[in-house]
file data25.json (JSON, N, CA and C atoms)
[["chain", "number", "residue", "atom", "x", "y", "z"],
["T", 1, "HIS", "N", 0.81, -1.20, 0.00],
["T", 1, "HIS", "CA", 0.00, 0.00, 0.00],
["T", 1, "HIS", "C", 0.85, 1.27, 0.00],
["T", 2, "SER", "N", 2.01, 1.20, 0.61],
["T", 2, "SER", "CA", 2.84, 2.40, 0.69],
["T", 2, "SER", "C", 3.34, 2.82, -0.69],
["T", 3, "PHE", "N", 3.60, 1.85, -1.58],
["T", 3, "PHE", "CA", 4.04, 2.18, -2.94],
["T", 3, "PHE", "C", 2.97, 2.99, -3.67],
["T", 4, "PHE", "N", 1.72, 2.54, -3.59],
["T", 4, "PHE", "CA", 0.65, 3.23, -4.28],
["T", 4, "PHE", "C", 0.40, 4.61, -3.67],
["T", 5, "MET", "N", 0.53, 4.72, -2.37],
["T", 5, "MET", "CA", 0.36, 6.01, -1.72],
["T", 5, "MET", "C", 1.48, 6.96, -2.17],
["T", 6, "GLU", "N", 2.68, 6.45, -2.26],
["T", 6, "GLU", "CA", 3.81, 7.26, -2.72],
["T", 6, "GLU", "C", 3.58, 7.75, -4.15],
["T", 7, "MET", "N", 3.14, 6.85, -5.02],
["T", 7, "MET", "CA", 2.88, 7.23, -6.42],
["T", 7, "MET", "C", 1.73, 8.23, -6.51],
["T", 8, "PHE", "N", 0.71, 8.04, -5.69],
["T", 8, "PHE", "CA", -0.42, 8.98, -5.67],
["T", 8, "PHE", "C", 0.05, 10.36, -5.24],
["T", 9, "LEU", "N", 0.87, 10.44, -4.22],
["T", 9, "LEU", "CA", 1.35, 11.73, -3.73],
["T", 9, "LEU", "C", 2.23, 12.42, -4.77],
["T", 10, "ILE", "N", 3.06, 11.66, -5.45],
["T", 10, "ILE", "CA", 3.90, 12.25, -6.51],
["T", 10, "ILE", "C", 3.02, 12.75, -7.64],
["T", 11, "ALA", "N", 2.03, 11.95, -8.04],
["T", 11, "ALA", "CA", 1.13, 12.36, -9.12],
["T", 11, "ALA", "C", 0.37, 13.63, -8.74],
["T", 12, "ALA", "N", -0.16, 13.67, -7.53],
["T", 12, "ALA", "CA", -0.91, 14.84, -7.09],
["T", 12, "ALA", "C", 0.00, 16.07, -7.01],
["T", 13, "SER", "N", 1.20, 15.89, -6.56],
["T", 13, "SER", "CA", 2.15, 17.00, -6.47],
["T", 13, "SER", "C", 2.47, 17.55, -7.85],
["T", 14, "GLU", "N", 2.66, 16.68, -8.82],
["T", 14, "GLU", "CA", 2.97, 17.13, -10.17],
["T", 14, "GLU", "C", 1.77, 17.83, -10.81],
["T", 15, "ILE", "N", 0.57, 17.35, -10.53],
["T", 15, "ILE", "CA", -0.63, 18.03, -11.03],
["T", 15, "ILE", "C", -0.71, 19.43, -10.42],
["T", 16, "TRP", "N", -0.44, 19.53, -9.12],
["T", 16, "TRP", "CA", -0.49, 20.82, -8.43],
["T", 16, "TRP", "C", 0.55, 21.79, -9.00],
["T", 17, "LYS", "N", 1.76, 21.31, -9.23],
["T", 17, "LYS", "CA", 2.81, 22.18, -9.78],
["T", 17, "LYS", "C", 2.48, 22.61, -11.20],
["T", 18, "LEU", "N", 1.91, 21.72, -12.00],
["T", 18, "LEU", "CA", 1.51, 22.07, -13.36],
["T", 18, "LEU", "C", 0.38, 23.09, -13.34],
["T", 19, "ARG", "N", -0.57, 22.89, -12.43],
["T", 19, "ARG", "CA", -1.68, 23.83, -12.28],
["T", 19, "ARG", "C", -1.16, 25.22, -11.91],
["T", 20, "ASN", "N", -0.24, 25.28, -10.96],
["T", 20, "ASN", "CA", 0.33, 26.56, -10.55],
["T", 20, "ASN", "C", 1.09, 27.23, -11.70],
["T", 21, "ALA", "N", 1.80, 26.45, -12.50],
["T", 21, "ALA", "CA", 2.52, 27.02, -13.65],
["T", 21, "ALA", "C", 1.53, 27.60, -14.66],
["T", 22, "ILE", "N", 0.41, 26.93, -14.84],
["T", 22, "ILE", "CA", -0.60, 27.43, -15.77],
["T", 22, "ILE", "C", -1.21, 28.73, -15.26],
["T", 23, "ILE", "N", -1.55, 28.77, -13.99],
["T", 23, "ILE", "CA", -2.21, 29.95, -13.41],
["T", 23, "ILE", "C", -1.26, 31.13, -13.26],
["T", 24, "PHE", "N", -0.08, 30.90, -12.68],
["T", 24, "PHE", "CA", 0.79, 32.00, -12.31],
["T", 24, "PHE", "C", 1.81, 32.37, -13.38],
["T", 25, "ASP", "N", 2.22, 31.42, -14.21],
["T", 25, "ASP", "CA", 3.25, 31.70, -15.22],
["T", 25, "ASP", "C", 2.69, 31.73, -16.64],
["T", 26, "GLY", "N", 1.43, 31.39, -16.79],
["T", 26, "GLY", "CA", 0.84, 31.38, -18.12],
["T", 26, "GLY", "C", 1.35, 30.23, -18.98],
["T", 27, "ALA", "N", 1.86, 29.20, -18.35],
["T", 27, "ALA", "CA", 2.38, 28.04, -19.08],
["T", 27, "ALA", "C", 1.23, 27.25, -19.68],
["T", 28, "ARG", "N", 1.57, 26.40, -20.61],
["T", 28, "ARG", "CA", 0.57, 25.52, -21.22],
["T", 28, "ARG", "C", 0.77, 24.13, -20.63],
["T", 29, "GLY", "N", -0.29, 23.54, -20.20],
["T", 29, "GLY", "CA", -0.22, 22.21, -19.61],
["T", 29, "GLY", "C", -0.72, 21.16, -20.58],
["T", 30, "SER", "N", -0.20, 19.96, -20.42],
["T", 30, "SER", "CA", -0.66, 18.84, -21.23],
["T", 30, "SER", "C", -0.42, 17.55, -20.46],
["T", 31, "LEU", "N", -1.11, 16.52, -20.89],
["T", 31, "LEU", "CA", -0.93, 15.23, -20.27],
["T", 31, "LEU", "C", 0.48, 14.71, -20.50],
["T", 32, "ASN", "N", 1.03, 14.99, -21.67],
["T", 32, "ASN", "CA", 2.40, 14.56, -21.97],
["T", 32, "ASN", "C", 3.41, 15.22, -21.04],
["T", 33, "LEU", "N", 3.25, 16.51, -20.80],
["T", 33, "LEU", "CA", 4.15, 17.22, -19.90],
["T", 33, "LEU", "C", 4.05, 16.67, -18.49],
["T", 34, "TRP", "N", 2.82, 16.41, -18.03],
["T", 34, "TRP", "CA", 2.64, 15.84, -16.70],
["T", 34, "TRP", "C", 3.30, 14.45, -16.61],
["T", 35, "THR", "N", 3.15, 13.64, -17.64],
["T", 35, "THR", "CA", 3.73, 12.30, -17.64],
["T", 35, "THR", "C", 5.26, 12.36, -17.55],
["T", 36, "VAL", "N", 5.86, 13.25, -18.30],
["T", 36, "VAL", "CA", 7.32, 13.40, -18.27],
["T", 36, "VAL", "C", 7.78, 13.83, -16.88],
["T", 37, "ARG", "N", 7.10, 14.81, -16.31],
["T", 37, "ARG", "CA", 7.47, 15.29, -14.98],
["T", 37, "ARG", "C", 7.24, 14.22, -13.90],
["T", 38, "PHE", "N", 6.15, 13.48, -14.03],
["T", 38, "PHE", "CA", 5.87, 12.39, -13.10],
["T", 38, "PHE", "C", 6.96, 11.34, -13.16],
["T", 39, "LYS", "N", 7.34, 10.93, -14.35],
["T", 39, "LYS", "CA", 8.40, 9.92, -14.50],
["T", 39, "LYS", "C", 9.72, 10.42, -13.92],
["T", 40, "ASP", "N", 10.05, 11.68, -14.19],
["T", 40, "ASP", "CA", 11.29, 12.25, -13.65],
["T", 40, "ASP", "C", 11.29, 12.23, -12.13],
["T", 41, "GLN", "N", 10.18, 12.61, -11.53],
["T", 41, "GLN", "CA", 10.08, 12.65, -10.08],
["T", 41, "GLN", "C", 10.16, 11.25, -9.47],
["T", 42, "VAL", "N", 9.52, 10.28, -10.11],
["T", 42, "VAL", "CA", 9.59, 8.90, -9.62],
["T", 42, "VAL", "C", 11.02, 8.38, -9.74],
["T", 43, "GLN", "N", 11.70, 8.72, -10.82],
["T", 43, "GLN", "CA", 13.10, 8.32, -10.97],
["T", 43, "GLN", "C", 13.95, 8.90, -9.85],
["T", 44, "LEU", "N", 13.73, 10.16, -9.51],
["T", 44, "LEU", "CA", 14.47, 10.77, -8.41],
["T", 44, "LEU", "C", 14.17, 10.07, -7.08],
["T", 45, "GLN", "N", 12.91, 9.78, -6.84],
["T", 45, "GLN", "CA", 12.53, 9.12, -5.60],
["T", 45, "GLN", "C", 13.06, 7.69, -5.54],
["T", 46, "SER", "N", 13.23, 7.06, -6.69],
["T", 46, "SER", "CA", 13.69, 5.67, -6.70],
["T", 46, "SER", "C", 15.15, 5.54, -6.27],
["T", 47, "LEU", "N", 15.86, 6.65, -6.18],
["T", 47, "LEU", "CA", 17.26, 6.59, -5.73],
["T", 47, "LEU", "C", 17.36, 6.09, -4.30],
["T", 48, "ARG", "N", 16.30, 6.23, -3.53],
["T", 48, "ARG", "CA", 16.33, 5.78, -2.14],
["T", 48, "ARG", "C", 15.81, 4.37, -1.96],
["T", 49, "PHE", "N", 15.37, 3.72, -3.04],
["T", 49, "PHE", "CA", 14.86, 2.35, -2.97],
["T", 49, "PHE", "C", 15.99, 1.35, -2.99],
["T", 50, "ARG", "N", 15.70, 0.16, -2.47],
["T", 50, "ARG", "CA", 16.64, -0.95, -2.61],
["T", 50, "ARG", "C", 16.74, -1.31, -4.09],
["T", 51, "HIS", "N", 17.84, -1.97, -4.45],
["T", 51, "HIS", "CA", 18.11, -2.28, -5.86],
["T", 51, "HIS", "C", 16.99, -3.10, -6.49],
["T", 52, "ASP", "N", 16.49, -4.11, -5.79],
["T", 52, "ASP", "CA", 15.44, -4.95, -6.37],
["T", 52, "ASP", "C", 14.14, -4.18, -6.57],
["T", 53, "LYS", "N", 13.82, -3.28, -5.67],
["T", 53, "LYS", "CA", 12.62, -2.45, -5.82],
["T", 53, "LYS", "C", 12.80, -1.43, -6.94],
["T", 54, "LYS", "N", 14.03, -0.93, -7.08],
["T", 54, "LYS", "CA", 14.31, 0.05, -8.12],
["T", 54, "LYS", "C", 14.10, -0.57, -9.50],
["T", 55, "ILE", "N", 14.48, -1.83, -9.67],
["T", 55, "ILE", "CA", 14.28, -2.52, -10.95],
["T", 55, "ILE", "C", 12.80, -2.65, -11.25],
["T", 56, "LEU", "N", 12.00, -2.98, -10.25],
["T", 56, "LEU", "CA", 10.55, -3.08, -10.44],
["T", 56, "LEU", "C", 9.93, -1.73, -10.83],
["T", 57, "VAL", "N", 10.36, -0.68, -10.16],
["T", 57, "VAL", "CA", 9.82, 0.66, -10.45],
["T", 57, "VAL", "C", 10.21, 1.09, -11.86],
["T", 58, "ASN", "N", 11.45, 0.84, -12.25],
["T", 58, "ASN", "CA", 11.88, 1.21, -13.60],
["T", 58, "ASN", "C", 11.11, 0.43, -14.66],
["T", 59, "GLY", "N", 10.83, -0.84, -14.39],
["T", 59, "GLY", "CA", 10.02, -1.62, -15.32],
["T", 59, "GLY", "C", 8.61, -1.08, -15.40],
["T", 60, "TRP", "N", 8.06, -0.68, -14.27],
["T", 60, "TRP", "CA", 6.72, -0.11, -14.23],
["T", 60, "TRP", "C", 6.67, 1.19, -15.01],
["T", 61, "LEU", "N", 7.70, 2.03, -14.85],
["T", 61, "LEU", "CA", 7.73, 3.31, -15.56],
["T", 61, "LEU", "C", 7.88, 3.13, -17.07],
["T", 62, "SER", "N", 8.62, 2.12, -17.47],
["T", 62, "SER", "CA", 8.83, 1.93, -18.90],
["T", 62, "SER", "C", 7.56, 1.43, -19.59],
["T", 63, "SER", "N", 6.57, 0.97, -18.83],
["T", 63, "SER", "CA", 5.33, 0.51, -19.44],
["T", 63, "SER", "C", 4.42, 1.67, -19.83],
["T", 64, "PHE", "N", 4.77, 2.90, -19.44],
["T", 64, "PHE", "CA", 3.95, 4.08, -19.79],
["T", 64, "PHE", "C", 4.08, 4.37, -21.26]]

call {"tool": "encode", "arguments": {"input": "data25.json", "output": "structure tokens"}}
result
Amino acid sequence: HSFFMEMFLIAASEIWKLRNAIIFDGARGSLNLWTVRFKDQVQLQSLRFRHDKKILVNGWLSSF
């Protein structure tokens, strides 16, 4: 359950940051931009995972 909660929090955070960029900076948002940022953030967070878990997360991300 903690994995899904972690992914949910990262996804929500990226949506919030994209929303703020649209409102305050006049940026254009898209699903593709959100996906790229989500993957980047998950990759950064995976640095703290054990090696076997990191392989699973990378496999999961490559399925996008």

call {"tool": "residues_around", "arguments": {"input": "data25.json", "residues": "region 32-44 of chain T", "least_positions_apart": "3", "cutoff": "6.5 Å", "atoms": "all atoms listed in the file", "output": "JSON, numbers by chain"}}
result
{"T": [10, 11, 14, 29, 47, 48]}

call {"tool": "atom_distance", "arguments": {"input": "data25.json", "atom1": "atom N of Phe4 (chain T)", "atom2": "atom N of His51 (chain T)"}}
result
16.8 Å

call {"tool": "atom_distance", "arguments": {"input": "data25.json", "atom1": "atom N of Asp25 (chain T)", "atom2": "atom N of Leu9 (chain T)"}}
result
23.3 Å

call {"tool": "atom_distance", "arguments": {"input": "data25.json", "atom1": "CA of Asn58 (chain T)", "atom2": "CA of Glu6 (chain T)"}}
result
14.8 Å

call {"tool": "select_by_dssp", "arguments": {"input": "data25.json", "residues": "chain T", "states": "helix (DSSP H, G or I)", "output": "PyMOL selection string"}}
result
chain T and resi 2-25+31-48+51-62
